[in-house]
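**Q** Provided herewith: model-v8.csv, CSV, C-alpha atoms and all ligand atoms.
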chain,number,residue,atom,x,y,z
A,1,MET,CA,-9.1,11.8,-21.3
A,2,PRO,CA,-8.0,11.9,-17.7
A,3,LEU,CA,-9.1,15.1,-16.0
A,4,ARG,CA,-5.7,15.7,-14.3
A,5,ARG,CA,-2.5,14.5,-15.9
A,6,PRO,CA,-0.1,13.0,-13.3
A,7,LEU,CA,2.9,15.1,-12.3
A,8,LEU,CA,6.1,14.0,-10.7
A,9,ALA,CA,8.4,16.8,-9.6
A,10,GLY,CA,11.9,16.4,-8.2
A,11,ASN,CA,13.0,19.1,-5.7
A,12,TRP,CA,16.8,18.9,-5.5
A,13,LYS,CA,16.9,21.5,-2.7
A,14,MET,CA,20.5,22.7,-2.2
A,15,HIS,CA,22.2,19.8,-3.9
A,16,LYS,CA,24.3,19.3,-7.1
A,17,THR,CA,27.2,21.1,-8.7
A,18,ILE,CA,27.3,21.8,-12.4
A,19,PRO,CA,29.0,18.5,-13.4
A,20,GLU,CA,26.7,16.5,-11.1
A,21,ALA,CA,23.6,18.2,-12.6
A,22,ARG,CA,24.8,17.6,-16.2
A,23,ASP,CA,25.5,13.9,-15.4
A,24,PHE,CA,22.1,13.5,-13.9
A,25,ALA,CA,20.2,15.1,-16.7
A,26,VAL,CA,21.9,13.1,-19.4
A,27,ASN,CA,21.5,9.7,-17.7
A,28,PHE,CA,18.0,10.4,-16.4
A,29,LEU,CA,16.7,11.5,-19.8
A,30,GLU,CA,17.9,8.2,-21.2
A,31,LYS,CA,15.9,6.2,-18.7
A,32,VAL,CA,12.6,8.1,-18.9
A,33,GLU,CA,12.5,9.1,-22.6
A,34,ASN,CA,9.6,6.6,-23.1
A,35,VAL,CA,7.4,8.1,-20.4
A,36,THR,CA,4.6,10.0,-22.2
A,37,ASP,CA,1.8,9.6,-19.7
A,38,ILE,CA,3.2,11.6,-16.8
A,39,ASP,CA,4.6,15.2,-16.6
A,40,MET,CA,8.1,15.3,-15.1
A,41,VAL,CA,9.9,18.3,-13.8
A,42,ILE,CA,13.2,18.8,-12.0
A,43,CYS,CA,13.3,21.8,-9.7
A,44,ALA,CA,17.0,22.7,-9.4
A,45,PRO,CA,19.2,25.3,-7.8
A,46,PHE,CA,19.5,28.5,-9.8
A,47,THR,CA,23.2,27.8,-10.5
A,48,VAL,CA,22.5,24.6,-12.5
A,49,LEU,CA,19.4,25.8,-14.4
A,50,SER,CA,21.5,26.8,-17.5
A,51,VAL,CA,22.9,23.2,-17.6
A,52,LEU,CA,19.4,21.7,-17.4
A,53,LYS,CA,18.4,24.2,-20.2
A,54,GLU,CA,21.2,22.9,-22.4
A,55,GLU,CA,20.5,19.2,-21.7
A,56,LEU,CA,16.7,19.1,-21.3
A,57,GLU,CA,15.0,22.1,-23.0
A,58,GLU,CA,14.1,20.1,-26.1
A,59,SER,CA,13.1,17.1,-24.1
A,60,ILE,CA,9.9,15.9,-22.4
A,61,ILE,CA,11.4,16.8,-19.0
A,62,HIS,CA,10.4,20.2,-17.6
A,63,ILE,CA,12.7,22.5,-15.8
A,64,GLY,CA,11.7,24.2,-12.6
A,65,ALA,CA,13.2,26.5,-9.9
A,66,GLN,CA,12.7,26.3,-6.2
A,67,ASN,CA,11.9,30.0,-5.4
A,68,MET,CA,11.7,33.4,-7.0
A,69,TYR,CA,10.9,37.0,-6.1
A,70,TYR,CA,7.6,38.6,-7.3
A,71,GLU,CA,9.1,41.6,-9.1
A,72,THR,CA,10.3,41.4,-12.7
A,73,LYS,CA,13.4,43.4,-12.1
A,74,GLY,CA,14.9,46.1,-9.9
A,75,ALA,CA,16.9,46.8,-6.8
A,76,PHE,CA,16.4,43.5,-5.0
A,77,THR,CA,19.9,42.3,-4.2
A,78,GLY,CA,20.3,38.5,-4.3
A,79,GLU,CA,16.8,37.8,-5.7
A,80,ILE,CA,15.8,36.1,-9.0
A,81,SER,CA,12.8,37.2,-11.0
A,82,PRO,CA,10.2,35.2,-13.0
A,83,LEU,CA,11.6,36.8,-16.1
A,84,MET,CA,15.0,35.3,-15.3
A,85,LEU,CA,13.5,31.9,-14.8
A,86,GLN,CA,11.8,32.1,-18.2
A,87,ASP,CA,15.3,32.8,-19.6
A,88,MET,CA,16.5,29.6,-18.1
A,89,ALA,CA,13.6,27.7,-19.9
A,90,CYS,CA,11.8,27.1,-16.6
A,91,THR,CA,8.1,26.2,-16.9
A,92,CYS,CA,7.5,25.7,-13.2
A,93,VAL,CA,8.6,27.2,-9.8
A,94,ILE,CA,8.1,25.9,-6.3
A,95,ILE,CA,6.6,28.6,-4.1
A,96,GLY,CA,6.2,28.6,-0.3
A,97,HIS,CA,8.1,25.4,0.5
A,98,SER,CA,8.1,24.8,4.3
A,99,GLU,CA,11.8,25.3,4.4
A,100,ARG,CA,11.4,28.8,2.9
A,101,ARG,CA,8.5,29.5,5.3
A,102,GLU,CA,10.6,28.3,8.3
A,103,TYR,CA,14.2,29.4,7.6
A,104,PHE,CA,13.6,32.4,5.4
A,105,LYS,CA,10.4,33.6,7.2
A,106,GLU,CA,8.2,33.7,4.1
A,107,ASP,CA,4.6,34.4,5.1
A,108,ASP,CA,1.3,33.8,3.3
A,109,GLU,CA,1.1,37.4,2.1
A,110,LEU,CA,4.5,37.1,0.3
A,111,ILE,CA,3.7,33.7,-1.0
A,112,ALA,CA,0.4,34.9,-2.5
A,113,LYS,CA,2.3,37.7,-4.4
A,114,LYS,CA,4.8,35.2,-5.7
A,115,ILE,CA,2.0,32.9,-7.0
A,116,LYS,CA,0.4,35.7,-8.8
A,117,ALA,CA,3.7,36.9,-10.3
A,118,ALA,CA,4.5,33.4,-11.5
A,119,LEU,CA,1.2,33.0,-13.2
A,120,GLU,CA,1.6,36.4,-14.9
A,121,MET,CA,4.8,35.2,-16.4
A,122,SER,CA,3.3,31.9,-17.5
A,123,LEU,CA,5.2,29.8,-15.0
A,124,THR,CA,3.3,27.0,-13.2
A,125,PRO,CA,3.5,27.6,-9.5
A,126,ILE,CA,3.8,24.5,-7.3
A,127,LEU,CA,2.5,25.9,-4.0
A,128,CYS,CA,3.6,23.9,-0.9
A,129,VAL,CA,1.4,23.7,2.1
A,130,GLY,CA,1.5,21.4,5.1
A,131,GLU,CA,1.3,21.2,8.9
A,132,ASN,CA,4.0,20.6,11.5
A,133,LEU,CA,3.9,17.7,14.0
A,134,ALA,CA,2.3,19.8,16.8
A,135,PHE,CA,-0.7,20.7,14.6
A,136,ARG,CA,-1.1,17.1,13.5
A,137,GLU,CA,-1.0,15.8,17.1
A,138,ASP,CA,-3.4,18.5,18.3
A,139,GLY,CA,-5.9,17.5,15.5
A,140,LYS,CA,-5.5,20.9,13.9
A,141,ALA,CA,-3.9,19.8,10.7
A,142,LEU,CA,-6.9,20.1,8.4
A,143,ALA,CA,-7.9,23.6,9.6
A,144,PHE,CA,-4.3,24.8,9.3
A,145,VAL,CA,-3.7,23.5,5.8
A,146,ARG,CA,-7.1,24.8,4.6
A,147,GLY,CA,-6.2,28.2,6.0
A,148,GLN,CA,-2.9,28.2,4.1
A,149,VAL,CA,-4.6,27.3,0.8
A,150,GLU,CA,-7.2,30.1,1.3
A,151,LYS,CA,-4.6,32.7,2.2
A,152,ASP,CA,-2.2,31.8,-0.6
A,153,LEU,CA,-4.7,31.5,-3.4
A,154,MET,CA,-7.7,33.7,-2.4
A,155,GLU,CA,-6.9,36.5,-4.9
A,156,LEU,CA,-6.8,34.3,-7.9
A,157,SER,CA,-9.6,33.9,-10.5
A,158,PRO,CA,-10.8,30.4,-11.3
A,159,SER,CA,-8.9,30.5,-14.6
A,160,GLU,CA,-5.7,31.4,-12.8
A,161,LEU,CA,-6.3,28.8,-10.1
A,162,GLN,CA,-6.7,26.1,-12.7
A,163,LYS,CA,-3.0,26.6,-13.6
A,164,VAL,CA,-1.7,26.2,-10.0
A,165,VAL,CA,-0.3,22.9,-8.7
A,166,ILE,CA,-0.6,22.3,-5.0
A,167,ALA,CA,1.8,20.1,-3.0
A,168,TYR,CA,0.7,18.8,0.3
A,169,GLU,CA,3.9,18.3,2.3
A,170,PRO,CA,3.4,17.5,6.0
A,171,ILE,CA,6.5,19.0,7.6
A,172,TRP,CA,7.0,16.0,9.9
A,173,ALA,CA,7.3,13.7,6.8
A,174,ILE,CA,9.9,15.7,5.0
A,175,GLY,CA,13.3,14.1,5.0
A,176,THR,CA,12.4,12.0,8.0
A,177,GLY,CA,11.6,8.7,6.3
A,178,LYS,CA,8.1,9.0,7.9
A,179,THR,CA,5.5,9.1,5.0
A,180,ALA,CA,2.0,10.1,5.8
A,181,SER,CA,-0.2,7.0,5.3
A,182,ALA,CA,-1.8,6.9,1.9
A,183,GLN,CA,-5.2,7.3,3.7
A,184,ASP,CA,-4.0,10.4,5.7
A,185,ALA,CA,-2.5,11.9,2.6
A,186,GLN,CA,-5.7,11.3,0.7
A,187,GLU,CA,-7.8,12.8,3.5
A,188,MET,CA,-5.8,16.0,3.4
A,189,CYS,CA,-5.7,16.2,-0.4
A,190,SER,CA,-9.4,15.7,-0.5
A,191,ALA,CA,-9.9,18.5,2.1
A,192,ILE,CA,-7.6,20.7,-0.1
A,193,ARG,CA,-9.8,20.0,-3.1
A,194,SER,CA,-12.9,20.9,-1.2
A,195,THR,CA,-11.3,24.1,-0.1
A,196,LEU,CA,-10.5,24.9,-3.7
A,197,SER,CA,-14.1,24.2,-4.6
A,198,GLY,CA,-15.1,26.9,-2.2
A,199,ILE,CA,-12.8,29.3,-4.0
A,200,ALA,CA,-13.3,28.3,-7.6
A,201,GLY,CA,-16.2,25.9,-7.9
A,202,SER,CA,-15.9,23.0,-10.3
A,203,VAL,CA,-12.5,24.2,-11.5
A,204,ALA,CA,-11.2,22.4,-8.3
A,205,GLN,CA,-11.6,19.1,-10.1
A,206,GLN,CA,-9.0,20.1,-12.6
A,207,ILE,CA,-6.3,21.3,-10.2
A,208,ARG,CA,-3.5,18.9,-9.6
A,209,ILE,CA,-2.6,18.1,-6.0
A,210,LEU,CA,0.6,16.4,-5.2
A,211,TYR,CA,1.8,14.7,-2.0
A,212,GLY,CA,5.4,15.2,-0.7
A,213,GLY,CA,7.3,13.9,2.2
A,214,SER,CA,9.6,10.8,2.1
A,215,VAL,CA,8.2,9.6,-1.3
A,216,LYS,CA,10.3,6.8,-2.8
A,217,SER,CA,10.0,4.2,-5.5
A,218,GLY,CA,8.6,1.8,-2.9
A,219,ASN,CA,5.6,3.9,-1.7
A,220,ILE,CA,4.7,6.0,-4.8
A,221,ALA,CA,2.2,3.4,-6.3
A,222,GLU,CA,0.1,3.4,-3.2
A,223,LEU,CA,0.0,7.2,-3.0
A,224,MET,CA,-0.8,7.5,-6.7
A,225,ALA,CA,-3.7,5.1,-6.3
A,226,GLN,CA,-5.6,7.7,-4.1
A,227,PRO,CA,-8.3,9.5,-5.9
A,228,ASP,CA,-7.2,13.1,-4.9
A,229,ILE,CA,-3.4,12.5,-5.3
A,230,ASP,CA,-2.2,13.5,-8.7
A,231,GLY,CA,1.5,13.1,-8.3
A,232,ALA,CA,4.4,13.8,-5.9
A,233,LEU,CA,7.0,16.3,-5.0
A,234,VAL,CA,10.1,14.3,-4.3
A,235,GLY,CA,13.2,15.5,-2.4
A,236,GLY,CA,15.8,13.0,-1.5
A,237,ALA,CA,14.7,10.3,-3.9
A,238,SER,CA,15.0,12.7,-6.8
A,239,LEU,CA,18.8,13.0,-6.4
A,240,GLU,CA,19.7,9.6,-7.7
A,241,VAL,CA,19.1,8.8,-11.3
A,242,GLN,CA,18.2,5.1,-10.8
A,243,GLU,CA,15.9,5.7,-7.8
A,244,PHE,CA,14.0,8.7,-9.4
A,245,ALA,CA,13.6,6.8,-12.7
A,246,GLN,CA,12.3,3.8,-10.9
A,247,LEU,CA,9.9,6.0,-8.9
A,248,ILE,CA,8.5,7.3,-12.2
A,249,GLN,CA,8.1,3.9,-13.6
A,250,ASN,CA,6.3,2.7,-10.4
A,251,ALA,CA,4.0,5.7,-10.5
A,252,ARG,CA,2.5,4.6,-13.9
B,301,LIG,P1,11.9,14.3,1.0
B,301,LIG,O1,11.3,13.6,-0.2
B,301,LIG,O2,13.4,14.3,1.0
B,301,LIG,O3,11.2,13.9,2.2
B,301,LIG,O4,11.5,15.9,0.8
B,301,LIG,C1,10.2,16.3,0.5
B,301,LIG,C2,10.2,17.7,0.0
B,301,LIG,O5,10.4,18.6,0.8
B,301,LIG,C3,10.0,18.0,-1.4
B,301,LIG,O6,9.8,19.3,-1.6
Could you render the structure from this file as structure tokens?
**A**
Amino acid sequence: MPLRRPLLAGNWKMHKTIPEARDFAVNFLEKVENVTDIDMVICAPFTVLSVLKEELEESIIHIGAQNMYYETKGAFTGEISPLMLQDMACTCVIIGHSERREYFKEDDELIAKKIKAALEMSLTPILCVGENLAFREDGKALAFVRGQVEKDLMELSPSELQKVVIAYEPIWAIGTGKTASAQDAQEMCSAIRSTLSGIAGSVAQQIRILYGGSVKSGNIAELMAQPDIDGALVGGASLEVQEFAQLIQNAR
């Protein structure tokens, strides 16, 4: 039994209309129906979750969202709750993506609350962490990312932590075509695991850590070969059926 089952997650970001999402779901499912050794999830915009629920709820492909608020309901105009995501058959939710931290000013305190709320509603949070180029060039990347992991997860018990997925996404590698080298990605994912050991002891060995940032069918195999990389969070390459299906095959 492998300790950590590989996970490949697509993050569609702000892409796809209802017909596009339906078309993708139907065609993609056909191509990956035989994949039983990897967990797959598509994290889609809220507006197409009901379509994915119709097409994928009974399939091996999991449905995820890209954000949520931490309250179950109430006067929070424009927000979506974990309960609403459950309604849409979501099993996962991305929390703290660098685009939310940067453009929507999400801080670690808010992110920690969202993680806790997701777990309370039995949603798997995919926590995103990662440094910008300035931190990388100054040699401060490891310390920065360790700090994010600690601040975002500190309040969790080991049994809660075990259910969290962490995605290491260096900001300078997102959408830029610049992937971190497999060695650099491994070095950071290993540092994240050692930080997790500090919080939760041996449970750290069971926590899945993904890499994200310009992952494609052509570089996934090398990334997956690293001992502390358990999968990927994929942006651009998850938007095309053929490319994402190929990426999944190449990850096996
Ligand atoms: P790209 O794969 O497009 O670089 O995006 C990565 C990402 O941000 C996934 O969450």
**Q** Interatomic distance between CA of Leu85 in chain A and CA of Arg208 in chain A?
**A** 22.0 Å
**Q** Find, counting all atoms listed in the file, the residue in A:Asp228, A:Glu106, A:Asp87, A:Glu169 that gets nearest to Gly64 in chain A.
**A**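 Selected residue with least distance to Gly64 in chain A: A:Asp87.
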**Q** Counting only C-alpha atoms and all ligand atoms, what residues are within 7 Å of ligand LIG 301 (chain B), given as a compact mmCIF listing (two decimals) with C-alpha atoms, in the frame of the given file?
**A**
# COMPACT_ATOMS: atom_id res chain seq x y z
CA ASN A 11 13.00 19.10 -5.70
CA HIS A 97 8.10 25.40 0.50
CA GLU A 169 3.90 18.30 2.30
CA ALA A 173 7.30 13.70 6.80
CA ILE A 174 9.90 15.70 5.00
CA GLY A 175 13.30 14.10 5.00
CA THR A 176 12.40 12.00 8.00
CA GLY A 177 11.60 8.70 6.30
CA GLY A 212 5.40 15.20 -0.70
CA GLY A 213 7.30 13.90 2.20
CA SER A 214 9.60 10.80 2.10
CA VAL A 215 8.20 9.60 -1.30
CA LEU A 233 7.00 16.30 -5.00
CA VAL A 234 10.10 14.30 -4.30
CA GLY A 235 13.20 15.50 -2.40
CA GLY A 236 15.80 13.00 -1.50
CA ALA A 237 14.70 10.30 -3.90
**Q** Quick one: of A:Ile126, A:Leu56, A:Met224, A:Ala118, who's nearest to Glu71 in chain A, counting only C-alpha atoms?
**A**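 Smallest separation from Glu71 in chain A among the options: A:Ala118.
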**Q** Provide the CA of Tyr211 in chain A to CA of Met121 in chain A distance in Å, to one decimal place.
**A**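 For CA of Tyr211 in chain A relative to CA of Met121 in chain A, the distance reads 25.2 Å.
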**Q** Can you work out which one of A:Leu8, A:Cys128, A:Ile60, A:Val32 has the shortest atom-to-atom distance to Val241 in chain A, counting all atoms listed in the file?
**A** A:Val32
**Q** Could you state the separation of CA of Lys114 in chain A and CA of Pro158 in chain A in Å, given to one decimal place?
**A**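 Interatomic distance, CA of Lys114 in chain A to CA of Pro158 in chain A: 17.3 Å.
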**Q** Name the closest residue to Gln162 in chain A among the candidates A:Ala204, A:Leu133, A:Val149, A:Ile80; distances are taken between atoms, counting all atoms listed in the file.
**A** A:Ala204
**Q** What's the 7 Å shell around Ile94 in chain A, counting only C-alpha atoms, without same-chain residues fewer than 5 positions away, as a ChimeraX atom specification?
**A** /A:65-67,125-127
**Q** Could you turn the residues from that selection into a file that holds C-alpha atoms, as a CSV table (one decimal), keeping the file's coordinate frame?
**A**
chain,number,residue,atom,x,y,z
A,65,ALA,CA,13.2,26.5,-9.9
A,66,GLN,CA,12.7,26.3,-6.2
A,67,ASN,CA,11.9,30.0,-5.4
A,125,PRO,CA,3.5,27.6,-9.5
A,126,ILE,CA,3.8,24.5,-7.3
A,127,LEU,CA,2.5,25.9,-4.0
**Q** When you count only C-alpha atoms, which of these residues is closest to Ala180 in chain A: A:Gly130, A:Gly147, A:Gly78, A:Gly201?
**A** A:Gly130
**Q** Near Leu153 in chain A, within 8 Å and counting all atoms listed in the file, which residues show up once chain neighbours fewer than 5 positions away are dropped, as a ChimeraX atom specification?
**A** /A:112,115,161
**Q** Which residues, protein or nucleic acid, reach to within 12 Å of (7.7, 36.1, 2.2) in the file's coordinates when using all atoms listed in the file, and can you give that as a PDB file with C-alpha atoms, keeping the file's coordinate frame?
**A**
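Below is the file that was written, point14.pdb:
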ATOM      1  CA  ASN A  67      11.900  30.000  -5.400  1.00  0.00           C
ATOM      2  CA  MET A  68      11.700  33.400  -7.000  1.00  0.00           C
ATOM      3  CA  TYR A  69      10.900  37.000  -6.100  1.00  0.00           C
ATOM      4  CA  TYR A  70       7.600  38.600  -7.300  1.00  0.00           C
ATOM      5  CA  ILE A  95       6.600  28.600  -4.100  1.00  0.00           C
ATOM      6  CA  GLY A  96       6.200  28.600  -0.300  1.00  0.00           C
ATOM      7  CA  HIS A  97       8.100  25.400   0.500  1.00  0.00           C
ATOM      8  CA  SER A  98       8.100  24.800   4.300  1.00  0.00           C
ATOM      9  CA  GLU A  99      11.800  25.300   4.400  1.00  0.00           C
ATOM     10  CA  ARG A 100      11.400  28.800   2.900  1.00  0.00           C
ATOM     11  CA  ARG A 101       8.500  29.500   5.300  1.00  0.00           C
ATOM     12  CA  GLU A 102      10.600  28.300   8.300  1.00  0.00           C
ATOM     13  CA  TYR A 103      14.200  29.400   7.600  1.00  0.00           C
ATOM     14  CA  PHE A 104      13.600  32.400   5.400  1.00  0.00           C
ATOM     15  CA  LYS A 105      10.400  33.600   7.200  1.00  0.00           C
ATOM     16  CA  GLU A 106       8.200  33.700   4.100  1.00  0.00           C
ATOM     17  CA  ASP A 107       4.600  34.400   5.100  1.00  0.00           C
ATOM     18  CA  ASP A 108       1.300  33.800   3.300  1.00  0.00           C
ATOM     19  CA  GLU A 109       1.100  37.400   2.100  1.00  0.00           C
ATOM     20  CA  LEU A 110       4.500  37.100   0.300  1.00  0.00           C
ATOM     21  CA  ILE A 111       3.700  33.700  -1.000  1.00  0.00           C
ATOM     22  CA  ALA A 112       0.400  34.900  -2.500  1.00  0.00           C
ATOM     23  CA  LYS A 113       2.300  37.700  -4.400  1.00  0.00           C
ATOM     24  CA  LYS A 114       4.800  35.200  -5.700  1.00  0.00           C
ATOM     25  CA  ILE A 115       2.000  32.900  -7.000  1.00  0.00           C
ATOM     26  CA  ASP A 152      -2.200  31.800  -0.600  1.00  0.00           C
TER      27      ASP A 152
END
**Q** For Gly198 in chain A, which residue out of A:Glu131, A:Glu150, A:Glu30, A:Glu58 is the nearest one, using all atoms listed in the file?
**A**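 Using all atoms listed in the file, the shortest distance to Gly198 in chain A belongs to A:Glu150.
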